$ cat final_23.tsv   # TSV, N, CA, C and O atoms
chain	number	residue	atom	x	y	z
W	1	MET	N	0.85	-1.18	0.00
W	1	MET	CA	0.00	0.00	0.00
W	1	MET	C	0.89	1.23	0.00
W	1	MET	O	1.95	1.25	0.61
W	2	ILE	N	0.40	2.27	-0.66
W	2	ILE	CA	1.10	3.55	-0.70
W	2	ILE	C	0.35	4.55	0.16
W	2	ILE	O	-0.88	4.60	0.14
W	3	SER	N	1.10	5.32	0.95
W	3	SER	CA	0.53	6.39	1.75
W	3	SER	C	0.78	7.70	1.04
W	3	SER	O	1.94	8.06	0.78
W	4	ILE	N	-0.27	8.38	0.69
W	4	ILE	CA	-0.17	9.70	0.05
W	4	ILE	C	-0.31	10.73	1.16
W	4	ILE	O	-1.36	10.85	1.78
W	5	ILE	N	0.78	11.42	1.43
W	5	ILE	CA	0.86	12.34	2.57
W	5	ILE	C	0.79	13.77	2.05
W	5	ILE	O	1.59	14.17	1.22
W	6	LEU	N	-0.19	14.50	2.57
W	6	LEU	CA	-0.38	15.88	2.18
W	6	LEU	C	-0.28	16.80	3.38
W	6	LEU	O	-0.92	16.55	4.41
W	7	CYS	N	0.52	17.83	3.26
W	7	CYS	CA	0.53	18.91	4.24
W	7	CYS	C	-0.36	19.99	3.65
W	7	CYS	O	-0.11	20.49	2.56
W	8	SER	N	-1.41	20.35	4.37
W	8	SER	CA	-2.42	21.23	3.79
W	8	SER	C	-2.81	22.32	4.76
W	8	SER	O	-2.79	22.15	5.97
W	9	ARG	N	-3.22	23.45	4.21
W	9	ARG	CA	-3.78	24.53	5.02
W	9	ARG	C	-5.28	24.33	5.20
W	9	ARG	O	-5.95	25.14	5.81
W	10	LYS	N	-5.78	23.22	4.63
W	10	LYS	CA	-7.19	22.88	4.75
W	10	LYS	C	-7.29	21.57	5.53
W	10	LYS	O	-6.42	20.73	5.46
W	11	GLN	N	-8.37	21.40	6.25
W	11	GLN	CA	-8.56	20.19	7.03
W	11	GLN	C	-9.12	19.05	6.20
W	11	GLN	O	-9.08	17.90	6.61
W	12	LYS	N	-9.65	19.36	5.04
W	12	LYS	CA	-10.31	18.37	4.19
W	12	LYS	C	-9.72	18.41	2.79
W	12	LYS	O	-9.36	19.46	2.28
W	13	LEU	N	-9.67	17.27	2.19
W	13	LEU	CA	-9.22	17.15	0.81
W	13	LEU	C	-10.35	17.57	-0.12
W	13	LEU	O	-11.51	17.23	0.13
W	14	THR	N	-10.03	18.30	-1.18
W	14	THR	CA	-11.08	18.67	-2.12
W	14	THR	C	-11.58	17.43	-2.86
W	14	THR	O	-10.84	16.47	-3.06
W	15	ALA	N	-12.82	17.47	-3.24
W	15	ALA	CA	-13.41	16.34	-3.96
W	15	ALA	C	-12.67	16.10	-5.28
W	15	ALA	O	-12.47	14.95	-5.68
W	16	LYS	N	-12.22	17.17	-5.92
W	16	LYS	CA	-11.52	17.04	-7.19
W	16	LYS	C	-10.21	16.28	-7.02
W	16	LYS	O	-9.90	15.38	-7.80
W	17	LEU	N	-9.43	16.62	-5.99
W	17	LEU	CA	-8.16	15.93	-5.77
W	17	LEU	C	-8.39	14.50	-5.32
W	17	LEU	O	-7.72	13.58	-5.78
W	18	SER	N	-9.34	14.27	-4.45
W	18	SER	CA	-9.65	12.93	-3.98
W	18	SER	C	-10.04	12.03	-5.16
W	18	SER	O	-9.56	10.91	-5.29
W	19	GLN	N	-10.90	12.53	-6.03
W	19	GLN	CA	-11.32	11.77	-7.21
W	19	GLN	C	-10.14	11.54	-8.14
W	19	GLN	O	-9.96	10.45	-8.67
W	20	ASN	N	-9.32	12.57	-8.34
W	20	ASN	CA	-8.16	12.45	-9.21
W	20	ASN	C	-7.19	11.38	-8.72
W	20	ASN	O	-6.72	10.56	-9.51
W	21	ILE	N	-6.91	11.35	-7.44
W	21	ILE	CA	-6.02	10.33	-6.89
W	21	ILE	C	-6.62	8.94	-7.12
W	21	ILE	O	-5.94	8.02	-7.57
W	22	GLY	N	-7.89	8.77	-6.81
W	22	GLY	CA	-8.55	7.48	-6.98
W	22	GLY	C	-8.54	6.99	-8.41
W	22	GLY	O	-8.44	5.79	-8.66
W	23	GLU	N	-8.60	7.91	-9.37
W	23	GLU	CA	-8.63	7.52	-10.79
W	23	GLU	C	-7.24	7.26	-11.36
W	23	GLU	O	-7.12	6.67	-12.42
W	24	THR	N	-6.19	7.70	-10.69
W	24	THR	CA	-4.86	7.61	-11.29
W	24	THR	C	-3.85	6.80	-10.50
W	24	THR	O	-2.83	6.40	-11.05
W	25	VAL	N	-4.10	6.50	-9.23
W	25	VAL	CA	-3.05	5.90	-8.40
W	25	VAL	C	-2.73	4.46	-8.81
W	25	VAL	O	-1.58	4.08	-8.87
W	26	GLY	N	-3.72	3.65	-9.07
W	26	GLY	CA	-3.47	2.30	-9.56
W	26	GLY	C	-2.97	1.32	-8.51
W	26	GLY	O	-2.54	0.22	-8.86
W	27	PHE	N	-2.98	1.66	-7.26
W	27	PHE	CA	-2.52	0.79	-6.16
W	27	PHE	C	-3.48	0.96	-5.00
W	27	PHE	O	-4.24	1.92	-4.94
W	28	ASP	N	-3.38	0.04	-4.02
W	28	ASP	CA	-4.06	0.28	-2.75
W	28	ASP	C	-3.39	1.49	-2.12
W	28	ASP	O	-2.16	1.62	-2.15
W	29	TYR	N	-4.18	2.38	-1.55
W	29	TYR	CA	-3.60	3.61	-1.00
W	29	TYR	C	-4.41	4.11	0.18
W	29	TYR	O	-5.55	3.72	0.39
W	30	GLU	N	-3.77	4.98	0.92
W	30	GLU	CA	-4.44	5.76	1.96
W	30	GLU	C	-4.00	7.20	1.77
W	30	GLU	O	-2.92	7.47	1.24
W	31	ILE	N	-4.85	8.11	2.19
W	31	ILE	CA	-4.49	9.52	2.15
W	31	ILE	C	-4.34	10.00	3.59
W	31	ILE	O	-5.24	9.81	4.42
W	32	VAL	N	-3.19	10.57	3.88
W	32	VAL	CA	-2.89	11.09	5.22
W	32	VAL	C	-2.76	12.60	5.09
W	32	VAL	O	-1.86	13.09	4.40
W	33	ILE	N	-3.67	13.34	5.72
W	33	ILE	CA	-3.64	14.80	5.65
W	33	ILE	C	-3.11	15.34	6.97
W	33	ILE	O	-3.62	14.99	8.04
W	34	VAL	N	-2.11	16.18	6.88
W	34	VAL	CA	-1.60	16.88	8.06
W	34	VAL	C	-2.13	18.31	7.96
W	34	VAL	O	-1.78	19.06	7.05
W	35	ASP	N	-3.01	18.67	8.90
W	35	ASP	CA	-3.61	20.01	8.92
W	35	ASP	C	-2.56	21.02	9.38
W	35	ASP	O	-2.11	20.98	10.51
W	36	ASN	N	-2.19	21.90	8.50
W	36	ASN	CA	-1.24	22.95	8.84
W	36	ASN	C	-1.87	24.32	8.60
W	36	ASN	O	-1.20	25.26	8.19
W	37	SER	N	-3.17	24.41	8.86
W	37	SER	CA	-3.90	25.65	8.61
W	37	SER	C	-3.42	26.80	9.48
W	37	SER	O	-3.59	27.96	9.12
W	38	ASP	N	-2.78	26.49	10.60
W	38	ASP	CA	-2.28	27.56	11.46
W	38	ASP	C	-0.76	27.72	11.37
W	38	ASP	O	-0.15	28.38	12.21
W	39	ASN	N	-0.15	27.12	10.33
W	39	ASN	CA	1.31	27.20	10.12
W	39	ASN	C	2.10	26.76	11.35
W	39	ASN	O	3.15	27.32	11.65
W	40	LYS	N	1.62	25.74	12.00
W	40	LYS	CA	2.27	25.23	13.21
W	40	LYS	C	3.53	24.44	12.89
W	40	LYS	O	4.46	24.40	13.68
W	41	TYR	N	3.59	23.81	11.71
W	41	TYR	CA	4.69	22.92	11.36
W	41	TYR	C	5.45	23.44	10.14
W	41	TYR	O	4.86	24.03	9.23
W	42	SER	N	6.74	23.14	10.11
W	42	SER	CA	7.47	23.31	8.86
W	42	SER	C	7.03	22.16	7.95
W	42	SER	O	6.43	21.19	8.42
W	43	ILE	N	7.35	22.24	6.68
W	43	ILE	CA	6.96	21.16	5.77
W	43	ILE	C	7.60	19.84	6.20
W	43	ILE	O	7.00	18.79	6.11
W	44	PHE	N	8.81	19.92	6.73
W	44	PHE	CA	9.51	18.71	7.16
W	44	PHE	C	8.85	18.09	8.39
W	44	PHE	O	8.67	16.88	8.47
W	45	GLU	N	8.44	18.93	9.34
W	45	GLU	CA	7.74	18.42	10.53
W	45	GLU	C	6.40	17.80	10.13
W	45	GLU	O	6.02	16.75	10.64
W	46	ALA	N	5.70	18.47	9.22
W	46	ALA	CA	4.40	17.97	8.78
W	46	ALA	C	4.54	16.62	8.09
W	46	ALA	O	3.77	15.68	8.36
W	47	TYR	N	5.51	16.49	7.22
W	47	TYR	CA	5.70	15.22	6.53
W	47	TYR	C	6.13	14.12	7.50
W	47	TYR	O	5.69	12.98	7.37
W	48	ASN	N	6.94	14.45	8.48
W	48	ASN	CA	7.30	13.44	9.49
W	48	ASN	C	6.08	13.01	10.30
W	48	ASN	O	5.95	11.82	10.65
W	49	LEU	N	5.18	13.93	10.61
W	49	LEU	CA	3.92	13.55	11.26
W	49	LEU	C	3.11	12.63	10.36
W	49	LEU	O	2.51	11.65	10.83
W	50	GLY	N	3.08	12.94	9.08
W	50	GLY	CA	2.36	12.09	8.13
W	50	GLY	C	2.94	10.69	8.08
W	50	GLY	O	2.20	9.71	8.04
W	51	ILE	N	4.25	10.59	8.11
W	51	ILE	CA	4.90	9.27	8.12
W	51	ILE	C	4.49	8.51	9.37
W	51	ILE	O	4.16	7.32	9.30
W	52	ALA	N	4.50	9.18	10.52
W	52	ALA	CA	4.14	8.51	11.78
W	52	ALA	C	2.69	8.02	11.76
W	52	ALA	O	2.38	6.99	12.36
W	53	ARG	N	1.82	8.71	11.05
W	53	ARG	CA	0.41	8.33	10.99
W	53	ARG	C	0.11	7.31	9.89
W	53	ARG	O	-0.98	6.74	9.84
W	54	SER	N	1.04	7.12	8.98
W	54	SER	CA	0.77	6.30	7.81
W	54	SER	C	0.88	4.81	8.12
W	54	SER	O	1.53	4.40	9.07
W	55	LYS	N	0.24	4.02	7.27
W	55	LYS	CA	0.26	2.57	7.40
W	55	LYS	C	0.90	1.90	6.18
W	55	LYS	O	1.09	0.70	6.16
W	56	GLY	N	1.21	2.69	5.16
W	56	GLY	CA	1.72	2.14	3.91
W	56	GLY	C	3.19	1.77	3.97
W	56	GLY	O	3.94	2.21	4.84
W	57	ASP	N	3.57	0.94	3.01
W	57	ASP	CA	4.97	0.55	2.86
W	57	ASP	C	5.77	1.60	2.10
W	57	ASP	O	6.99	1.64	2.17
W	58	TYR	N	5.07	2.43	1.33
W	58	TYR	CA	5.70	3.47	0.53
W	58	TYR	C	5.01	4.79	0.83
W	58	TYR	O	3.82	4.82	1.14
W	59	TRP	N	5.75	5.88	0.67
W	59	TRP	CA	5.20	7.21	0.94
W	59	TRP	C	5.31	8.07	-0.31
W	59	TRP	O	6.30	8.03	-1.02
W	60	CYS	N	4.29	8.84	-0.55
W	60	CYS	CA	4.28	9.81	-1.63
W	60	CYS	C	3.87	11.15	-1.01
W	60	CYS	O	2.78	11.27	-0.46
W	61	PHE	N	4.76	12.11	-1.09
W	61	PHE	CA	4.50	13.43	-0.52
W	61	PHE	C	3.98	14.34	-1.62
W	61	PHE	O	4.63	14.51	-2.65
W	62	VAL	N	2.79	14.91	-1.40
W	62	VAL	CA	2.10	15.65	-2.45
W	62	VAL	C	1.56	16.95	-1.88
W	62	VAL	O	1.02	16.97	-0.77
W	63	HIS	N	1.66	18.00	-2.67
W	63	HIS	CA	0.97	19.24	-2.32
W	63	HIS	C	-0.51	19.08	-2.67
W	63	HIS	O	-0.87	18.27	-3.54
W	64	ASP	N	-1.35	19.86	-2.02
W	64	ASP	CA	-2.79	19.69	-2.22
W	64	ASP	C	-3.32	20.45	-3.44
W	64	ASP	O	-4.52	20.51	-3.66
W	65	ASP	N	-2.43	20.99	-4.26
W	65	ASP	CA	-2.88	21.73	-5.45
W	65	ASP	C	-2.41	21.07	-6.75
W	65	ASP	O	-2.32	21.71	-7.78
W	66	VAL	N	-2.13	19.77	-6.70
W	66	VAL	CA	-1.66	19.07	-7.90
W	66	VAL	C	-2.80	18.25	-8.52
W	66	VAL	O	-3.77	17.90	-7.84
W	67	ILE	N	-2.64	17.95	-9.78
W	67	ILE	CA	-3.54	17.05	-10.48
W	67	ILE	C	-2.66	16.08	-11.26
W	67	ILE	O	-1.75	16.49	-11.97
W	68	PHE	N	-2.95	14.78	-11.14
W	68	PHE	CA	-2.22	13.76	-11.87
W	68	PHE	C	-2.92	13.51	-13.19
W	68	PHE	O	-4.14	13.43	-13.25
W	69	HIS	N	-2.16	13.34	-14.26
W	69	HIS	CA	-2.73	13.19	-15.58
W	69	HIS	C	-2.65	11.77	-16.13
W	69	HIS	O	-3.33	11.44	-17.08
W	70	THR	N	-1.84	10.92	-15.54
W	70	THR	CA	-1.69	9.57	-16.03
W	70	THR	C	-2.77	8.68	-15.42
W	70	THR	O	-2.92	8.65	-14.20
W	71	GLN	N	-3.48	7.96	-16.24
W	71	GLN	CA	-4.52	7.06	-15.75
W	71	GLN	C	-3.89	5.75	-15.31
W	71	GLN	O	-2.87	5.33	-15.84
W	72	LYS	N	-4.52	5.07	-14.33
W	72	LYS	CA	-4.00	3.80	-13.84
W	72	LYS	C	-4.11	2.72	-14.87
W	72	LYS	O	-4.79	2.76	-15.82

$ encode --input "final_23.tsv" --output "structure tokens"
Amino acid sequence: MISIILCSRKQKLTAKLSQNIGETVGFDYEIVIVDNSDNKYSIFEAYNLGIARSKGDYWCFVHDDVIFHTQK
């Protein structure tokens, strides 16, 4: 399983990004969102928190404003 770790200023993933990941990832996955809406963490601290919360064997660090174009 792959853990998709996002550091975000939003507490929720947009429906567009969630759908995009589901249509393109091609593997079992989980999405781990680290809420950084109050700028409490550096990007490195946020990603380390995401790793600690993840269950996957692999990690993918993604910004919350990307769109993947390759279909699974």

$ atom_distance --input "final_23.tsv" --atom1 "CA of Ser37 in chain W" --atom2 "CA of Gly56 in chain W"
24.6 Å

$ closest_atom_pairs --input "final_23.tsv" --of "range 22-71 of chain W" --to "range 1-18 of chain W" --cutoff "8 Å" --atoms "only C-alpha atoms" --output "CSV"
residue,atom,partner,partner_atom,distance
W:Gly22,CA,W:Ser18,CA,6.3
W:Phe27,CA,W:Met1,CA,6.7
W:Asp28,CA,W:Met1,CA,4.9
W:Tyr29,CA,W:Ile2,CA,4.7
W:Glu30,CA,W:Ser3,CA,5.0
W:Ile31,CA,W:Ile4,CA,4.8
W:Val32,CA,W:Ile5,CA,4.8
W:Ile33,CA,W:Leu6,CA,4.9
W:Val34,CA,W:Cys7,CA,4.8
W:Asp35,CA,W:Gln11,CA,5.3
W:Asn36,CA,W:Arg9,CA,4.9
W:Ser37,CA,W:Arg9,CA,3.8
W:Asp38,CA,W:Arg9,CA,7.3
W:Asn39,CA,W:Arg9,CA,7.7
W:Ile43,CA,W:Cys7,CA,7.0
W:Ala46,CA,W:Cys7,CA,6.0
W:Tyr47,CA,W:Cys7,CA,6.8
W:Gly50,CA,W:Ile5,CA,5.8
W:Ile51,CA,W:Ile5,CA,7.5
W:Ser54,CA,W:Ser3,CA,6.1
W:Lys55,CA,W:Ser3,CA,6.8
W:Gly56,CA,W:Met1,CA,4.8
W:Asp57,CA,W:Met1,CA,5.8
W:Tyr58,CA,W:Ile2,CA,4.8
W:Trp59,CA,W:Ser3,CA,4.8
W:Cys60,CA,W:Ile4,CA,4.8
W:Phe61,CA,W:Ile5,CA,4.9
W:Val62,CA,W:Leu6,CA,5.3
W:His63,CA,W:Leu6,CA,5.8
W:Asp64,CA,W:Ser8,CA,6.2
W:Asp65,CA,W:Leu17,CA,7.8
W:Val66,CA,W:Leu17,CA,7.5
W:Ile67,CA,W:Leu17,CA,6.7

$ select_by_dssp --input "final_23.tsv" --residues "chain W" --states "strand (DSSP E or B)" --output "PyMOL selection string"
chain W and resi 2-8+29-35+58-62

$ atom_distance --input "final_23.tsv" --atom1 "atom N of Asn20 in chain W" --atom2 "atom N of Gln71 in chain W"
10.9 Å

$ atom_distance --input "final_23.tsv" --atom1 "atom C of Ile21 in chain W" --atom2 "atom C of His69 in chain W"
10.2 Å

$ select_by_dssp --input "final_23.tsv" --residues "chain W" --states "alpha helix (DSSP H)" --output "VMD selection string"
chain W and resid 15 to 24 43 to 53

$ decode --input "final_23.tsv" --residues "range 30-59 of chain W" --atoms "N, CA, C and O atoms" --output "tab-separated table (two decimals), in the first residue's frame"
chain	number	residue	atom	x	y	z
W	30	GLU	N	-3.77	4.98	0.92
W	30	GLU	CA	-4.44	5.76	1.96
W	30	GLU	C	-4.00	7.20	1.77
W	30	GLU	O	-2.92	7.47	1.24
W	31	ILE	N	-4.85	8.11	2.19
W	31	ILE	CA	-4.49	9.52	2.15
W	31	ILE	C	-4.34	10.00	3.59
W	31	ILE	O	-5.24	9.81	4.42
W	32	VAL	N	-3.19	10.57	3.88
W	32	VAL	CA	-2.89	11.09	5.22
W	32	VAL	C	-2.76	12.60	5.09
W	32	VAL	O	-1.86	13.09	4.40
W	33	ILE	N	-3.67	13.34	5.72
W	33	ILE	CA	-3.64	14.80	5.65
W	33	ILE	C	-3.11	15.34	6.97
W	33	ILE	O	-3.62	14.99	8.04
W	34	VAL	N	-2.11	16.18	6.88
W	34	VAL	CA	-1.60	16.88	8.06
W	34	VAL	C	-2.13	18.31	7.96
W	34	VAL	O	-1.78	19.06	7.05
W	35	ASP	N	-3.01	18.67	8.90
W	35	ASP	CA	-3.61	20.01	8.92
W	35	ASP	C	-2.56	21.02	9.38
W	35	ASP	O	-2.11	20.98	10.51
W	36	ASN	N	-2.19	21.90	8.50
W	36	ASN	CA	-1.24	22.95	8.84
W	36	ASN	C	-1.87	24.32	8.60
W	36	ASN	O	-1.20	25.26	8.19
W	37	SER	N	-3.17	24.41	8.86
W	37	SER	CA	-3.90	25.65	8.61
W	37	SER	C	-3.42	26.80	9.48
W	37	SER	O	-3.59	27.96	9.12
W	38	ASP	N	-2.78	26.49	10.60
W	38	ASP	CA	-2.28	27.56	11.46
W	38	ASP	C	-0.76	27.72	11.37
W	38	ASP	O	-0.15	28.38	12.21
W	39	ASN	N	-0.15	27.12	10.33
W	39	ASN	CA	1.31	27.20	10.12
W	39	ASN	C	2.10	26.76	11.35
W	39	ASN	O	3.15	27.32	11.65
W	40	LYS	N	1.62	25.74	12.00
W	40	LYS	CA	2.27	25.23	13.21
W	40	LYS	C	3.53	24.44	12.89
W	40	LYS	O	4.46	24.40	13.68
W	41	TYR	N	3.59	23.81	11.71
W	41	TYR	CA	4.69	22.92	11.36
W	41	TYR	C	5.45	23.44	10.14
W	41	TYR	O	4.86	24.03	9.23
W	42	SER	N	6.74	23.14	10.11
W	42	SER	CA	7.47	23.31	8.86
W	42	SER	C	7.03	22.16	7.95
W	42	SER	O	6.43	21.19	8.42
W	43	ILE	N	7.35	22.24	6.68
W	43	ILE	CA	6.96	21.16	5.77
W	43	ILE	C	7.60	19.84	6.20
W	43	ILE	O	7.00	18.79	6.11
W	44	PHE	N	8.81	19.92	6.73
W	44	PHE	CA	9.51	18.71	7.16
W	44	PHE	C	8.85	18.09	8.39
W	44	PHE	O	8.67	16.88	8.47
W	45	GLU	N	8.44	18.93	9.34
W	45	GLU	CA	7.74	18.42	10.53
W	45	GLU	C	6.40	17.80	10.13
W	45	GLU	O	6.02	16.75	10.64
W	46	ALA	N	5.70	18.47	9.22
W	46	ALA	CA	4.40	17.97	8.78
W	46	ALA	C	4.54	16.62	8.09
W	46	ALA	O	3.77	15.68	8.36
W	47	TYR	N	5.51	16.49	7.22
W	47	TYR	CA	5.70	15.22	6.53
W	47	TYR	C	6.13	14.12	7.50
W	47	TYR	O	5.69	12.98	7.37
W	48	ASN	N	6.94	14.45	8.48
W	48	ASN	CA	7.30	13.44	9.49
W	48	ASN	C	6.08	13.01	10.30
W	48	ASN	O	5.95	11.82	10.65
W	49	LEU	N	5.18	13.93	10.61
W	49	LEU	CA	3.92	13.55	11.26
W	49	LEU	C	3.11	12.63	10.36
W	49	LEU	O	2.51	11.65	10.83
W	50	GLY	N	3.08	12.94	9.08
W	50	GLY	CA	2.36	12.09	8.13
W	50	GLY	C	2.94	10.69	8.08
W	50	GLY	O	2.20	9.71	8.04
W	51	ILE	N	4.25	10.59	8.11
W	51	ILE	CA	4.90	9.27	8.12
W	51	ILE	C	4.49	8.51	9.37
W	51	ILE	O	4.16	7.32	9.30
W	52	ALA	N	4.50	9.18	10.52
W	52	ALA	CA	4.14	8.51	11.78
W	52	ALA	C	2.69	8.02	11.76
W	52	ALA	O	2.38	6.99	12.36
W	53	ARG	N	1.82	8.71	11.05
W	53	ARG	CA	0.41	8.33	10.99
W	53	ARG	C	0.11	7.31	9.89
W	53	ARG	O	-0.98	6.74	9.84
W	54	SER	N	1.04	7.12	8.98
W	54	SER	CA	0.77	6.30	7.81
W	54	SER	C	0.88	4.81	8.12
W	54	SER	O	1.53	4.40	9.07
W	55	LYS	N	0.24	4.02	7.27
W	55	LYS	CA	0.26	2.57	7.40
W	55	LYS	C	0.90	1.90	6.18
W	55	LYS	O	1.09	0.70	6.16
W	56	GLY	N	1.21	2.69	5.16
W	56	GLY	CA	1.72	2.14	3.91
W	56	GLY	C	3.19	1.77	3.97
W	56	GLY	O	3.94	2.21	4.84
W	57	ASP	N	3.57	0.94	3.01
W	57	ASP	CA	4.97	0.55	2.86
W	57	ASP	C	5.77	1.60	2.10
W	57	ASP	O	6.99	1.64	2.17
W	58	TYR	N	5.07	2.43	1.33
W	58	TYR	CA	5.70	3.47	0.53
W	58	TYR	C	5.01	4.79	0.83
W	58	TYR	O	3.82	4.82	1.14
W	59	TRP	N	5.75	5.88	0.67
W	59	TRP	CA	5.20	7.21	0.94
W	59	TRP	C	5.31	8.07	-0.31
W	59	TRP	O	6.30	8.03	-1.02
